[in-house]
Amino acid sequence: MALSCAYLDADAHMVCLAHALSTEKEEIMGLLIGEIDEKRVCHVSAVIMLRRSDKQPDRVEISPEQLSAASTRAEHLANELQRPMRVIGWYHSHPHITVWPSHVDVRTQAMYQMMDEGFIGLIYSVFNEDKNTKHNRIQLTCFQAINQSPEGEAPQYMRIEVPLHIVPTECLGKSSLQSLIELPEILSQEELEAYRRTTHIKDLDLLTKINNSAVYTRSVCHIMEVMTGPLIQSLENRLENNHRTLERLQLEKEQILKELDEGSKHRSISPPKTTSV
């Protein structure tokens with residue numbers, strides 16, 4: 001039974017989008033954390049970014065170890081937030097291509113739904129230039145898979161779109177903030193693992209080794225330039241804004257206490273009312 005709709009917290013959406021925009025050469029992926037209520041409505045409030053063991057331009061995979069680790073983290077979040085939380089979906093990017101899921105995406109989605117029929121998939125289409133405005137266009141879709149074949153025949157899956165709503169949030173949640181901080185580290189680990197695989201290749205000549213080392217260094221510098229630097233600047237701006245908000249609230253508090261104190265003094269010096277019989 002398909003879900004009626006899905007609600008995605010704005011801060012979790014921001015984390016997914018930042019992850020999708022981290023590379024335009026390969027697809028990225030992660031898992032969605034939240035809960036499904038009795039009305040078959042999905043509520044996504046946190047995400048877990050996954051490190052890619054093999055970077056491909058047209059596919060992504062989740063290992064059983066990653067899924068197990070994500071379930072453990074969802075349990076920790078449930079204890080921390082004091083509400084039900086579990087892995088309820090996955091997201092991945094489509095750089096330079098349409099937002100609609102491929103047949104591989106639909107089959108993957110169907111496989112996840114065999115474990116949990118409420119499982120959803122999000123696809124972020126990024127780095128697509130609008131032909132008219134020449135601006136990069138970002139698209140997002142939420143989907144599930146349904147089997148159209150009659151019973152007893154080989155399954156033929158097709159996508160069904162799930163209405164998606166972005167829920168505004170007043171601040172950046174602790175879980176989303178932690179995910180943003182982890183993003184540069186995840187990207188750096190992916191590059192390090194790719195470089196280490198080249199060091200195990202036998203009979204490489206010196207020039208190739210130097211080239212591989214230079215490519216790795218360039219990749220790390222690129223991550224620092226486009227991810228780490230802007231992220232630090234964004235967090236510093238957010239911290240400065242929080243300080244200004246704190247100062248404003250402190251002034252409001254002092255003003256309210258002053259008014260309460262003046263009101264209390266006024267009531268204490270006012271003569272009591274007398275009534276005549």
# chains A, B, ... in the order shown; residues from 1 in each chain; ligands from 1
call {"tool": "select_by_dssp", "arguments": {"residues": "range 29-261 of chain A", "states": "alpha helix (DSSP H)", "output": "NGL selection string"}}
result
:A and (64-81 or 103-115 or 174-199 or 206-223 or 229-261)
call {"tool": "residues_around", "arguments": {"residues": "Ile62 in chain A", "least_positions_apart": "2", "cutoff": "10 Å", "atoms": "only C-alpha atoms", "output": "NGL selection string"}}
result
:A and (29-31 or 50-53 or 60 or 64-67 or 90)
call {"tool": "closest_residue", "arguments": {"among": "A:Met227, A:Ala110, A:Val15, A:Ile120", "to": "Ile146 in chain A", "atoms": "only C-alpha atoms"}}
result
A:Ala110
call {"tool": "atom_distance", "arguments": {"atom1": "CA of Val220 in chain A", "atom2": "CA of Glu185 in chain A"}}
result
10.1 Å
call {"tool": "closest_residue", "arguments": {"among": "A:Leu8, A:Leu17, A:Met49, A:Leu164", "to": "Gln178 in chain A", "atoms": "only C-alpha atoms"}}
result
A:Met49
call {"tool": "residues_around", "arguments": {"residues": "Asn212 in chain A", "least_positions_apart": "4", "cutoff": "10 Å", "atoms": "only C-alpha atoms", "output": "compact mmCIF listing (two decimals) with C-alpha atoms, in the first residue's frame"}}
result
# COMPACT_ATOMS: atom_id res chain seq x y z
CA ALA A 194 40.43 5.75 -4.14
CA TYR A 195 44.06 6.87 -3.88
CA ARG A 196 45.02 3.98 -1.60
CA THR A 198 46.08 2.82 -6.69
CA THR A 199 49.00 2.26 -4.31
CA LEU A 206 57.23 6.52 -10.96
CA LEU A 207 55.51 9.04 -13.24
CA THR A 208 52.12 7.34 -12.75
CA TYR A 216 44.55 13.09 -4.87
CA THR A 217 46.05 16.36 -3.61
CA ARG A 218 44.01 18.35 -6.12
call {"tool": "residues_around", "arguments": {"residues": "Phe119 in chain A", "least_positions_apart": "3", "cutoff": "12 Å", "atoms": "only C-alpha atoms", "output": "VMD selection string"}}
result
chain A and resid 1 to 3 5 to 6 31 to 36 40 to 44 86 to 91 108 to 116 122 142 to 146 162
call {"tool": "write_last_selection", "arguments": {"atoms": "C-alpha atoms", "output": "PDB file, in the first residue's frame"}}
result
ATOM      1  CA  MET A   1       0.000   0.000   0.000  1.00  0.00           C
ATOM      2  CA  ALA A   2       1.498   3.304  -1.140  1.00  0.00           C
ATOM      3  CA  LEU A   3       1.991   6.233   1.188  1.00  0.00           C
ATOM      4  CA  CYS A   5       2.258  11.790   1.205  1.00  0.00           C
ATOM      5  CA  ALA A   6       5.630  12.638   2.725  1.00  0.00           C
ATOM      6  CA  LEU A  31      19.390   7.355   4.103  1.00  0.00           C
ATOM      7  CA  LEU A  32      16.297   9.094   5.481  1.00  0.00           C
ATOM      8  CA  ILE A  33      15.378   8.878   9.165  1.00  0.00           C
ATOM      9  CA  GLY A  34      11.903   9.469  10.547  1.00  0.00           C
ATOM     10  CA  GLU A  35       8.581   7.730  11.106  1.00  0.00           C
ATOM     11  CA  ILE A  36       5.340   6.781   9.343  1.00  0.00           C
ATOM     12  CA  ARG A  40       0.317   6.383   6.020  1.00  0.00           C
ATOM     13  CA  VAL A  41       2.069   9.770   6.092  1.00  0.00           C
ATOM     14  CA  CYS A  42       5.864   9.728   6.102  1.00  0.00           C
ATOM     15  CA  HIS A  43       7.738  12.264   8.258  1.00  0.00           C
ATOM     16  CA  VAL A  44      11.475  12.690   7.526  1.00  0.00           C
ATOM     17  CA  ARG A  86      13.875   4.556  12.044  1.00  0.00           C
ATOM     18  CA  VAL A  87      15.281   4.263   8.536  1.00  0.00           C
ATOM     19  CA  ILE A  88      12.328   5.006   6.249  1.00  0.00           C
ATOM     20  CA  GLY A  89      13.911   5.831   2.909  1.00  0.00           C
ATOM     21  CA  TRP A  90      16.915   6.704   0.789  1.00  0.00           C
ATOM     22  CA  TYR A  91      17.994   9.606  -1.378  1.00  0.00           C
ATOM     23  CA  THR A 108      16.179  -0.921  -6.082  1.00  0.00           C
ATOM     24  CA  GLN A 109      13.192   0.853  -4.536  1.00  0.00           C
ATOM     25  CA  ALA A 110      11.065  -2.290  -4.926  1.00  0.00           C
ATOM     26  CA  MET A 111      13.745  -4.322  -3.151  1.00  0.00           C
ATOM     27  CA  TYR A 112      13.721  -1.923  -0.180  1.00  0.00           C
ATOM     28  CA  GLN A 113       9.922  -2.041  -0.037  1.00  0.00           C
ATOM     29  CA  MET A 114      10.083  -5.824   0.368  1.00  0.00           C
ATOM     30  CA  MET A 115      11.703  -5.127   3.753  1.00  0.00           C
ATOM     31  CA  ASP A 116       9.472  -2.135   4.567  1.00  0.00           C
ATOM     32  CA  LEU A 122      14.079  10.841  -3.065  1.00  0.00           C
ATOM     33  CA  CYS A 142       9.612  11.401  -4.067  1.00  0.00           C
ATOM     34  CA  PHE A 143       8.574   7.959  -5.293  1.00  0.00           C
ATOM     35  CA  GLN A 144       7.758   4.362  -4.516  1.00  0.00           C
ATOM     36  CA  ALA A 145       7.588   1.240  -6.705  1.00  0.00           C
ATOM     37  CA  ILE A 146       4.552  -0.853  -7.574  1.00  0.00           C
ATOM     38  CA  VAL A 162       4.417  10.391  -3.640  1.00  0.00           C
TER      39      VAL A 162
END
call {"tool": "atom_distance", "arguments": {"atom1": "CA of Leu177 in chain A", "atom2": "CA of Ala46 in chain A"}}
result
10.0 Å
call {"tool": "atom_distance", "arguments": {"atom1": "CA of Met158 in chain A", "atom2": "CA of Ser4 in chain A"}}
result
17.1 Å
call {"tool": "closest_residue", "arguments": {"among": "A:Arg244, A:His165, A:Arg137, A:Lys174", "to": "Asp11 in chain A", "atoms": "only C-alpha atoms"}}
result
A:Lys174
call {"tool": "select_by_dssp", "arguments": {"residues": "range 113-207 of chain A", "states": "strand (DSSP E)", "output": "MDAnalysis selection string"}}
result
chainID A and resid 120:129 136:147 157:161 164:167
call {"tool": "residues_around", "arguments": {"residues": "Glu170 in chain A", "least_positions_apart": "2", "cutoff": "12 Å", "atoms": "only C-alpha atoms", "output": "NGL selection string"}}
result
:A and (9-11 or 167-168 or 172-173)
call {"tool": "residues_around", "arguments": {"residues": "Val99 in chain A", "least_positions_apart": "5", "cutoff": "8 Å", "atoms": "only C-alpha atoms", "output": "list in words"}}
result
His94, Ile123, Tyr124, Ser125, Gln139, Leu140 and Thr141 of chain A
